[in-house]
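J.: Just dropping this structure here.
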Protein chains: 2
Amino acid sequence: MTSFLHTFLAPNSIAIVGASSDSTKRGYKALFGLIKDGYEGSIYPINPKVEAILGVKTYPTIMALPEAVDLALICTPAKTLPSILEQCGTNGIKGAIVLASGFGETGEAGLQLECQVLAAARKASVRIIGPNTSGIFNLHKKINLLALDNVKSGNVGIISQSGNMLLALALEAAKNGHIGFSIYIGPGNQVDVDFADYLRFLGEEDNTSVATFYIEGFKNGRAFLDVARQTTQIKPVVVYKSGSTKAGQKAACSHTGALAGSYAMTVDLLRQSGVNVVNRSDELLTVAEGLGLLLKAEGKRVAILSDGGGQATIASDRLIEAGLKLASFSEVTLAALGCILFPQASLINPVDVAGSTDDNPALFSSCIEILVADENVDMVFLVGMFGGYGIRFAEELKPVELITAKSIVNLSKRTDKPLVVYSLYASIKPEPLLLLRNGGIPVYDSIEHAVQVIAALGERGDYIHRCKTAEIQHPLRADPEVCAVFQRAQREGRDLFEFEAKSMLSQYGIDMPEQRVIRRDADYSQVMADFGDTLMAMKVVSKDILHKSDAGGVKLNLSGEPALRQGCKEILSSCRHYKADAEIEGMLVTPMAAKGVEVIVGVSRDPFFGPVLMFGLGGIFVEVLEDVAFRSIPLSRQDAFSMIEQIKASKVLEGIRGEAAVDKNALVDLLLKVSSIVETHTEIHELDLNPVIVYPNGYAVVDARVIISGKLPL
Amino acid sequence: MTSFLHTFLAPNSIAIVGASSDSTKRGYKALFGLIKDGYEGSIYPINPKVEAILGVKTYPTIMALPEAVDLALICTPAKTLPSILEQCGTNGIKGAIVLASGFGETGEAGLQLECQVLAAARKASVRIIGPNTSGIFNLHKKINLLALDNVKSGNVGIISQSGNMLLALALEAAKNGHIGFSIYIGPGNQVDVDFADYLRFLGEEDNTSVATFYIEGFKNGRAFLDVARQTTQIKPVVVYKSGSTKAGQKAACSHTGALAGSYAMTVDLLRQSGVNVVNRSDELLTVAEGLGLLLKAEGKRVAILSDGGGQATIASDRLIEAGLKLASFSEVTLAALGCILFPQASLINPVDVAGSTDDNPALFSSCIEILVADENVDMVFLVGMFGGYGIRFAEELKPVELITAKSIVNLSKRTDKPLVVYSLYASIKPEPLLLLRNGGIPVYDSIEHAVQVIAALGERGDYIHRCKTAEIQHPLRADPEVCAVFQRAQREGRDLFEFEAKSMLSQYGIDMPEQRVIRRDADYSQVMADFGDTLMAMKVVSKDILHKSDAGGVKLNLSGEPALRQGCKEILSSCRHYKADAEIEGMLVTPMAAKGVEVIVGVSRDPFFGPVLMFGLGGIFVEVLEDVAFRSIPLSRQDAFSMIEQIKASKVLEGIRGEAAVDKNALVDLLLKVSSIVETHTEIHELDLNPVIVYPNGYAVVDARVIISGKLPL
């Protein structure tokens, strides 16, 4: 699907509504910028009071325009908008950038005005960027409606929910000297066009090789994920999401009115869709630059090539911490390195040339050649003084370094394996490093930043690989019996009973322990006949008792009919005491589950991201350590596996203290089935399997809770 | 105690042994450097072959020197050292810097040479810096023996176990433009003078206001901690320790032969001694700069003052993540800010001026004045475009910014509350920011870096406050009975029996459950008389059975004499089966402990750091999540409290799922008593209380294991 934004953001004609001859106004600055930059399309300043501004003929109103213009930049105040949008519609203008503020971000009255503006836009068939946007630029089309000087054009597309953040990135790019931008859009209040639309557009935009986002909060996160899944396969998408703490979320809310959901969940879902999420603001542009140049790596095995033990050590630490691996070199590689380096060089990864290059930095190129040829190596990380040999050691090494840099660049053209450089001299920008960077090899002045780029390349490669092998999930066919259960519960204005929830899950193939509901006296003997002397659990069945344990509605380890009867009596008495008028349906009886590893599987419908599945170990791990993983539904098999492996306590599932590993395949199947069920049954508002006990062979769902939507009021 | 290094590192005379007229040699470069920089002391090049080098008269040997020189720089190869050191000794030279490599870092033969060199030095009463050192500088004395150009003198003292790391920091300082160095020392192999000596020296050195270390591994970590505890109260000490991963430790080992202990432990112990540990190499100099300028904050409550919501949000996130707090402003502060800022400004921390400063950046100074006056504020973090208003908005704001910067600097002189600045324009270095920095206010171009500085200021303030209120621990008086128990075990070539360990702990006032040892038939009735129908645990007592559970040597929940007798029979049979000739002393019987929160208290004697206490929650928390805290023994009460609060799962101790909080005071007392006992009884090699069950009131030590040293061989 081609984005409707192409016409608006690479327009052949622009109207400036509220064009001004006052040089401090946006309506002047935008016009000035277009003229100065040599914009090649038609410019139509709208101003009823003057004939021309900066030598460009003005028009008194939109209605007076001689043609249907591609884009209107609206610089007039909030209250003028409904009428201006109507005129745009009438005159065939389909896209408007609205700078005015004073909308949703200011409170209730502003929110109402926002609704009016949206209604007017819809009626007039005009799409809106903003309101309250800082503006846009498209530098390759010589359009800069931002009044921001000295921004170099390049391949980084950027969407930032903070104008100052764009300014910070622009200044950082200027300092870097190499990084340039293609497109900028300030999304503003996103009453109409939103992050998902901008992402689709950047994905299609030819001058953009990496789509970069600063996001405070999503309005429609699910749409963004849907577009991201496609886009990330074509080009890298990098997101810095603020609001990782409650304090940050509060600050974001008072800034853009953005409501942030759980940060951890947002990050998991973005990564599931192939987005590279960075968690420091000072690494956003760094990672964007690196991904824009190198795109991806086939794997996570890195070769470190260094001329100093200190930096080699630090690089090793950071790579491992970032989830990468130090490649194990082949015998051939070791032998080849041994041939050209000093005997005291350390050949095992990290390679430390130990003085071999002091007189001859050309060896770096030979070493890289050897490392790149090793099939155990996915990326090469050059660490140390390269670029500064001529400065540090001897003037005559400068030409050697230049030739070496050229040969490294040539080499990099012949391989898909990314090469990333950290140099002590990066900030000085000596010529050999400029050569590398101009040849498409990123050079950093911080080991930590460089490693984030390497990690991002590995993650993106991983994602693309996962996509290629992803098993497509077929949605389930809804079971009529199950549908009837849902409908009955909805009619009765209640959620599913536990036994109904468990039957439903069982109906769709989830392993479920046997269960019986005792409703009358005769049921006891049937239960005994079915379960014999197994230890049993008994739980009250009542729509009026949500927290069964609190109500004394649960008895464990019951054995024999007398114990069952006694249990029932005690439960009834406790529950009556807890809630005198509780309508009690019966007693659910199940065999006690054997001990194993307790996990939680939960589903909720997030207001921003839709149905989301959560997985974690039970109890303290969820409550205290918040050690859980989230995935958007539907999940692929890889998603399910990766979420199990993502949690910090995943080693527990491998078996600790001599215990056997749990049945991960069964667990993955369970997650996938839950995902399918929730996809099929939109009636399910929340689902909680807590705990599920996992064994070396299979699992037991001990408790199941299903909250439904569409309940009739009682 | 005054460091012996002052004479060596601020010498009035320097001999260069192996001075050379070859300009590529260190023996030339050092001499050249001293002359070029205008060193004011006497220089004595030693070279038997030429009369003079660079116009300075040479001496054929050390013996020929006309006076007792303060320092010798030895540039000759490894094998010449024993004889040169002897000559130094004879001629009254007490300090030598040894550049030669080829020692311990190269393997066994080098290690032997190292021992010879040390022996020669000791015999000659010469102290050695190195060998294998990159050199030293003392810029305020115009001594630079490093052959490193363009290093600015300043207040940062630096010890780096990697020469390239120093080079990287020097280049970073040059880029920054403000940071200068006082002293550099490359510690090399530290055969004699070590990190602790250098730290004491930097602590005393007048031109150094912050001592900065890059460390790969300690030889004598305990000595470093001892000096750090004193030094950190006088001036900030910043450490970046590499080897946070196994891969990094391996790399460090092949670089400097440094053996790194547990990284997490090292960090905990350094912090316990008041050291500011940074965990990114690109933040070492940043934090050193900030601490060098601002020293400390009285607390962790930060006021953020910003002109952009995006950066205010990010700053909030980072501050909270770094363990800082957003200050809650007083009513007076809110009112005062309200008076001078636009109505749409957000006054609740983070303060967002929301355009108020666009025309008048002078308001920043007024805002800071208000914030600093608030007693709920410990630090102010200025975030945004300050310094760039004249660039971004209007030329005429430039003088306003300059005046504002001056007034901020003046203000900062009148308060102890640190002010830290992040500016989008920092890297451009506009004049107002230069003014701030020259006035002692650090300015950063990354929010993340600035926050690390703020965190370090808060931590150091915290430490100094803790020191002031630290309760001095009085070592215990050794109990003669306990000593006898240790001596008996040593004589018998075994560790303490569990009942002995528990008696010992009880003797020193640790609450211990009742215990009985059944050795003969008559003991059963005594146990029954004492314990009645309490549920009991029974464990085998045998020096030959270390892992009691594995041997079937443990029975739980026994009730009544027959069960005890049966338990004993079964244990004996299992243990005989496990180890036929095991000498069995008897059966330890204790009442079963009630359920509660399981914790582990362990002590080991680390080869680098000496006795170290570990605390954590039991089971998975230790084994899988490695969620433990370490403190060097002896602990202060604050140390004990802080280690309990440091673990990620500490919330469990507060009581989760409706349970009551555990008795933290009792737990702290336990930790302190264990610390005292281990301090008193150096026979204790390892001690493990695992588990200790903690209750809302007190605790129960369920198992105690004490491994001792000084055992006689059997």
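So you can find residues: chains in the structure tokens are A, B, ... in the order shown, residues in each start at 1, and ligands are numbered from 1 in order.
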Just want the 9 Å neighbourhood of region 632-646 of chain B, counted on only C-alpha atoms, with same-chain residues fewer than 4 positions away dropped. Output as a PyMOL selection string.

T.: chain B and resi 222+225+268-269+272-273+466-467+469-473+475+603+609-616+628+650-651+653+664-665+667-669+671-672+675-676+678-679

J.: Enumerate as a PyMOL selection string the residues belonging to chain A that approach chain B to within 8 Å, with only C-alpha atoms taken into account.

T.: chain A and resi 161-165+167-168+171-172+175+216+242-249+251-252+254-256+280-282+308-317+320-321+326+346+350+384+424-425+427-428+446-448+620+624-625+648-649+651-652

J.: Near His547 (chain B), within 12 Å and counting only C-alpha atoms, which residues show up once chain neighbours fewer than 3 positions away are dropped, as a short mmCIF file (atom, residue, chain, number, x, y, z; two decimals) with C-alpha atoms, in the first residue's frame?

T.:
```cif
data_model
loop_
_atom_site.label_atom_id
_atom_site.label_comp_id
_atom_site.auth_asym_id
_atom_site.auth_seq_id
_atom_site.Cartn_x
_atom_site.Cartn_y
_atom_site.Cartn_z
CA GLU B 498 27.41 -28.18 62.65
CA LYS B 539 21.11 -34.60 60.82
CA VAL B 540 24.14 -36.84 60.88
CA VAL B 541 27.26 -35.51 62.66
CA SER B 542 30.36 -36.73 60.88
CA LYS B 543 33.58 -35.14 59.74
CA ASP B 544 33.57 -37.54 56.83
CA ASP B 550 23.34 -36.32 49.43
CA ALA B 551 24.34 -39.01 51.93
CA GLY B 552 20.78 -39.42 53.15
CA GLY B 553 21.95 -37.91 56.42
CA VAL B 554 18.95 -35.62 57.03
CA CYS B 575 25.40 -43.02 55.47
CA TYR B 578 27.26 -43.60 51.10
CA LYS B 579 30.61 -43.96 52.81
CA ASP B 703 22.12 -24.69 58.86
CA ARG B 705 28.83 -24.56 58.11
#
```

J.: As a short mmCIF file (atom, residue, chain, number, x, y, z; two decimals) with all heavy atoms, in the first residue's frame, list the residues of region 166-248 of chain A assigned to strand (DSSP E) by DSSP on the backbone atoms of this structure.

T.:
```cif
data_model
loop_
_atom_site.label_atom_id
_atom_site.label_comp_id
_atom_site.auth_asym_id
_atom_site.auth_seq_id
_atom_site.Cartn_x
_atom_site.Cartn_y
_atom_site.Cartn_z
N PHE A 181 19.97 14.34 7.13
CA PHE A 181 18.58 13.92 7.27
C PHE A 181 17.86 13.98 5.92
O PHE A 181 18.17 14.80 5.07
CB PHE A 181 17.85 14.82 8.27
CG PHE A 181 18.46 14.76 9.65
CD1 PHE A 181 19.40 15.70 10.06
CD2 PHE A 181 18.12 13.74 10.52
CE1 PHE A 181 19.96 15.64 11.33
CE2 PHE A 181 18.68 13.66 11.79
CZ PHE A 181 19.60 14.61 12.19
N SER A 182 16.88 13.11 5.77
CA SER A 182 16.03 13.16 4.59
C SER A 182 14.75 13.91 4.95
O SER A 182 14.48 14.99 4.41
CB SER A 182 15.71 11.75 4.12
OG SER A 182 15.20 10.96 5.18
N ILE A 183 14.01 13.35 5.86
CA ILE A 183 12.69 13.85 6.21
C ILE A 183 12.64 14.11 7.70
O ILE A 183 13.18 13.33 8.48
CB ILE A 183 11.63 12.76 5.92
CG1 ILE A 183 11.65 12.32 4.45
CG2 ILE A 183 10.24 13.20 6.38
CD1 ILE A 183 10.96 13.25 3.51
N TYR A 184 12.00 15.19 8.11
CA TYR A 184 11.59 15.32 9.50
C TYR A 184 10.11 15.61 9.54
O TYR A 184 9.60 16.39 8.71
CB TYR A 184 12.34 16.44 10.22
CG TYR A 184 11.67 16.82 11.53
CD1 TYR A 184 11.78 15.97 12.64
CD2 TYR A 184 10.87 17.96 11.64
CE1 TYR A 184 11.14 16.28 13.83
CE2 TYR A 184 10.23 18.27 12.84
CZ TYR A 184 10.36 17.43 13.93
OH TYR A 184 9.72 17.72 15.10
N ILE A 185 9.43 15.01 10.49
CA ILE A 185 8.04 15.36 10.74
C ILE A 185 7.84 15.48 12.23
O ILE A 185 8.20 14.58 12.99
CB ILE A 185 7.07 14.28 10.18
CG1 ILE A 185 7.33 14.02 8.70
CG2 ILE A 185 5.61 14.70 10.43
CD1 ILE A 185 6.73 12.70 8.21
N VAL A 210 16.97 4.89 6.96
CA VAL A 210 16.66 4.45 8.31
C VAL A 210 15.59 5.38 8.88
O VAL A 210 15.68 6.59 8.76
CB VAL A 210 17.93 4.40 9.21
CG1 VAL A 210 18.69 5.71 9.19
CG2 VAL A 210 17.59 4.01 10.64
N ALA A 211 14.55 4.77 9.45
CA ALA A 211 13.45 5.55 10.03
C ALA A 211 13.66 5.64 11.53
O ALA A 211 13.78 4.62 12.21
CB ALA A 211 12.11 4.88 9.73
N THR A 212 13.73 6.88 12.04
CA THR A 212 14.13 7.11 13.42
C THR A 212 13.02 7.84 14.17
O THR A 212 12.46 8.80 13.63
CB THR A 212 15.41 7.98 13.42
OG1 THR A 212 16.34 7.40 12.52
CG2 THR A 212 16.03 8.07 14.80
N PHE A 213 12.70 7.38 15.36
CA PHE A 213 11.57 7.96 16.10
C PHE A 213 11.96 8.32 17.52
O PHE A 213 12.58 7.53 18.22
CB PHE A 213 10.41 6.95 16.20
CG PHE A 213 9.67 6.72 14.91
CD1 PHE A 213 10.22 5.91 13.92
CD2 PHE A 213 8.43 7.29 14.69
CE1 PHE A 213 9.55 5.69 12.72
CE2 PHE A 213 7.74 7.07 13.50
CZ PHE A 213 8.30 6.27 12.51
N TYR A 214 11.54 9.51 17.95
CA TYR A 214 11.48 9.81 19.38
C TYR A 214 10.01 9.83 19.76
O TYR A 214 9.24 10.65 19.24
CB TYR A 214 12.13 11.16 19.72
CG TYR A 214 11.80 11.57 21.14
CD1 TYR A 214 12.37 10.90 22.21
CD2 TYR A 214 10.87 12.58 21.40
CE1 TYR A 214 12.04 11.24 23.52
CE2 TYR A 214 10.53 12.91 22.71
CZ TYR A 214 11.12 12.24 23.76
OH TYR A 214 10.78 12.55 25.05
N ILE A 215 9.61 8.95 20.64
CA ILE A 215 8.19 8.77 20.96
C ILE A 215 7.95 8.93 22.45
O ILE A 215 8.65 8.32 23.27
CB ILE A 215 7.72 7.37 20.48
CG1 ILE A 215 7.78 7.31 18.95
CG2 ILE A 215 6.31 7.06 20.99
CD1 ILE A 215 7.40 5.96 18.36
N VAL A 237 14.34 0.43 11.48
CA VAL A 237 13.51 1.39 12.21
C VAL A 237 14.06 1.46 13.64
O VAL A 237 14.20 0.44 14.30
CB VAL A 237 12.03 0.93 12.25
CG1 VAL A 237 11.19 1.90 13.07
CG2 VAL A 237 11.48 0.78 10.83
N VAL A 238 14.41 2.67 14.06
CA VAL A 238 14.99 2.85 15.39
C VAL A 238 14.08 3.72 16.23
O VAL A 238 13.61 4.76 15.76
CB VAL A 238 16.37 3.54 15.32
CG1 VAL A 238 17.07 3.51 16.67
CG2 VAL A 238 17.24 2.89 14.27
N VAL A 239 13.81 3.29 17.45
CA VAL A 239 12.91 4.05 18.31
C VAL A 239 13.58 4.32 19.65
O VAL A 239 14.17 3.42 20.25
CB VAL A 239 11.59 3.28 18.55
CG1 VAL A 239 10.77 3.95 19.67
CG2 VAL A 239 10.76 3.20 17.27
N TYR A 240 13.54 5.56 20.09
CA TYR A 240 13.79 5.86 21.49
C TYR A 240 12.45 6.24 22.10
O TYR A 240 11.82 7.19 21.67
CB TYR A 240 14.79 7.01 21.68
CG TYR A 240 14.94 7.37 23.14
CD1 TYR A 240 15.73 6.59 23.98
CD2 TYR A 240 14.23 8.42 23.71
CE1 TYR A 240 15.84 6.87 25.33
CE2 TYR A 240 14.34 8.71 25.06
CZ TYR A 240 15.14 7.93 25.86
OH TYR A 240 15.24 8.20 27.21
N LYS A 241 12.06 5.46 23.10
CA LYS A 241 10.76 5.70 23.74
C LYS A 241 11.04 6.24 25.14
O LYS A 241 11.72 5.58 25.93
CB LYS A 241 10.02 4.35 23.82
CG LYS A 241 8.80 4.30 24.72
CD LYS A 241 7.60 4.98 24.10
CE LYS A 241 6.38 4.85 25.02
NZ LYS A 241 6.56 5.54 26.31
#
```

J.: Which polymer residues have any atom within 6 Å of an atom of region 285-302 of chain B, counting only C-alpha atoms, with same-chain residues fewer than 2 positions away left out, as a VMD selection string?

T.: chain B and resid 209 to 210 283 324 to 327 377 to 380 440 453 457 to 458 460 to 461

J.: Those residues with N, CA, C and O atoms, as a PDB file, in the first residue's frame please?

T.:
```
ATOM      1  N   SER B 209      42.351  17.167  42.515  1.00  0.00           N
ATOM      2  CA  SER B 209      41.108  17.227  43.282  1.00  0.00           C
ATOM      3  C   SER B 209      40.220  16.019  43.067  1.00  0.00           C
ATOM      4  O   SER B 209      39.214  15.864  43.746  1.00  0.00           O
ATOM      5  N   VAL B 210      40.587  15.154  42.133  1.00  0.00           N
ATOM      6  CA  VAL B 210      39.837  13.900  41.985  1.00  0.00           C
ATOM      7  C   VAL B 210      40.810  12.819  41.525  1.00  0.00           C
ATOM      8  O   VAL B 210      41.616  13.032  40.615  1.00  0.00           O
ATOM      9  N   GLU B 283      32.218   7.128  30.504  1.00  0.00           N
ATOM     10  CA  GLU B 283      31.731   8.014  31.554  1.00  0.00           C
ATOM     11  C   GLU B 283      32.776   8.267  32.646  1.00  0.00           C
ATOM     12  O   GLU B 283      32.520   8.993  33.593  1.00  0.00           O
ATOM     13  N   LEU B 324      18.125   8.462  41.915  1.00  0.00           N
ATOM     14  CA  LEU B 324      17.910   9.799  42.459  1.00  0.00           C
ATOM     15  C   LEU B 324      16.415  10.055  42.609  1.00  0.00           C
ATOM     16  O   LEU B 324      15.600   9.243  42.180  1.00  0.00           O
ATOM     17  N   LYS B 325      16.088  11.186  43.232  1.00  0.00           N
ATOM     18  CA  LYS B 325      14.672  11.515  43.427  1.00  0.00           C
ATOM     19  C   LYS B 325      14.373  12.869  42.795  1.00  0.00           C
ATOM     20  O   LYS B 325      15.224  13.756  42.785  1.00  0.00           O
ATOM     21  N   LEU B 326      13.135  13.026  42.293  1.00  0.00           N
ATOM     22  CA  LEU B 326      12.712  14.361  41.875  1.00  0.00           C
ATOM     23  C   LEU B 326      12.231  15.082  43.135  1.00  0.00           C
ATOM     24  O   LEU B 326      11.335  14.599  43.820  1.00  0.00           O
ATOM     25  N   ALA B 327      12.845  16.222  43.437  1.00  0.00           N
ATOM     26  CA  ALA B 327      12.480  16.958  44.648  1.00  0.00           C
ATOM     27  C   ALA B 327      11.020  17.400  44.594  1.00  0.00           C
ATOM     28  O   ALA B 327      10.508  17.734  43.522  1.00  0.00           O
ATOM     29  N   VAL B 377      15.453  20.716  47.986  1.00  0.00           N
ATOM     30  CA  VAL B 377      16.267  20.522  46.781  1.00  0.00           C
ATOM     31  C   VAL B 377      17.737  20.374  47.166  1.00  0.00           C
ATOM     32  O   VAL B 377      18.274  21.203  47.895  1.00  0.00           O
ATOM     33  N   ASP B 378      18.367  19.290  46.692  1.00  0.00           N
ATOM     34  CA  ASP B 378      19.796  19.088  46.954  1.00  0.00           C
ATOM     35  C   ASP B 378      20.674  19.474  45.765  1.00  0.00           C
ATOM     36  O   ASP B 378      21.847  19.777  45.918  1.00  0.00           O
ATOM     37  N   MET B 379      20.111  19.366  44.573  1.00  0.00           N
ATOM     38  CA  MET B 379      20.875  19.684  43.354  1.00  0.00           C
ATOM     39  C   MET B 379      19.920  20.257  42.313  1.00  0.00           C
ATOM     40  O   MET B 379      18.732  19.925  42.328  1.00  0.00           O
ATOM     41  N   VAL B 380      20.480  21.047  41.384  1.00  0.00           N
ATOM     42  CA  VAL B 380      19.671  21.562  40.280  1.00  0.00           C
ATOM     43  C   VAL B 380      20.268  21.075  38.964  1.00  0.00           C
ATOM     44  O   VAL B 380      21.491  21.119  38.773  1.00  0.00           O
ATOM     45  N   GLY B 440      33.146  26.887  37.104  1.00  0.00           N
ATOM     46  CA  GLY B 440      33.068  25.684  37.942  1.00  0.00           C
ATOM     47  C   GLY B 440      31.784  24.895  37.801  1.00  0.00           C
ATOM     48  O   GLY B 440      31.514  23.988  38.585  1.00  0.00           O
ATOM     49  N   VAL B 453      26.846  12.065  36.522  1.00  0.00           N
ATOM     50  CA  VAL B 453      27.556  12.988  37.406  1.00  0.00           C
ATOM     51  C   VAL B 453      26.692  13.320  38.622  1.00  0.00           C
ATOM     52  O   VAL B 453      27.150  13.290  39.769  1.00  0.00           O
ATOM     53  N   LEU B 457      27.542  12.533  42.547  1.00  0.00           N
ATOM     54  CA  LEU B 457      27.552  13.565  43.599  1.00  0.00           C
ATOM     55  C   LEU B 457      26.682  13.131  44.772  1.00  0.00           C
ATOM     56  O   LEU B 457      27.063  13.276  45.939  1.00  0.00           O
ATOM     57  N   GLY B 458      25.522  12.583  44.429  1.00  0.00           N
ATOM     58  CA  GLY B 458      24.608  12.122  45.477  1.00  0.00           C
ATOM     59  C   GLY B 458      25.202  10.973  46.264  1.00  0.00           C
ATOM     60  O   GLY B 458      25.136  10.932  47.491  1.00  0.00           O
ATOM     61  N   ARG B 460      28.374  10.195  46.678  1.00  0.00           N
ATOM     62  CA  ARG B 460      29.493  10.587  47.522  1.00  0.00           C
ATOM     63  C   ARG B 460      29.004  11.327  48.761  1.00  0.00           C
ATOM     64  O   ARG B 460      29.513  11.104  49.875  1.00  0.00           O
ATOM     65  N   GLY B 461      28.003  12.193  48.580  1.00  0.00           N
ATOM     66  CA  GLY B 461      27.441  12.887  49.733  1.00  0.00           C
ATOM     67  C   GLY B 461      26.890  11.901  50.747  1.00  0.00           C
ATOM     68  O   GLY B 461      27.114  12.015  51.954  1.00  0.00           O
TER      69      GLY B 461
END
```

J.: Please identify all polymer residues within 9 Å of Pro713 (chain B), counting only C-alpha atoms, omitting same-chain residues fewer than 5 positions from it, and present them as an MDAnalysis selection string.

T.: chainID B and resid 490:493

J.: Please return, as number ranges by chain, all residues of region 36-89 of chain B that DSSP assigns to helix (DSSP H, G or I) on the basis of the backbone.

T.: B: 36-37, 62-64, 78-89

J.: Nearest to Glu205 (chain B): which of B:Ser134, B:Gln233, B:Ser3, B:Thr682 is it, counting only C-alpha atoms?

T.: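 The shortest atom-to-atom distance to Glu205 (chain B) comes from B:Ser3.
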
J.: For CA of Gly586 (chain A) and CA of Ile684 (chain A), quote the distance in Å rounded to one decimal.

T.: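 Straight-line distance from CA of Gly586 (chain A) to CA of Ile684 (chain A) works out to 23.5 Å.
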
J.: Which residues, written as a list in words, have at least one atom at most 10 Å from region 332-337 of chain B, with only C-alpha atoms counted and residues fewer than 5 positions away on the same chain left out?

T.: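 My list of contacting residues is Phe342, Ala345, Ser346, Leu347, Ile348, Asn349, Val351, Val353, Leu363, Ser366, Cys367, Ile368, Glu369, Ile370, Leu371, Val372, Ala373, Asp374, Glu375 and Asn376 of chain B.
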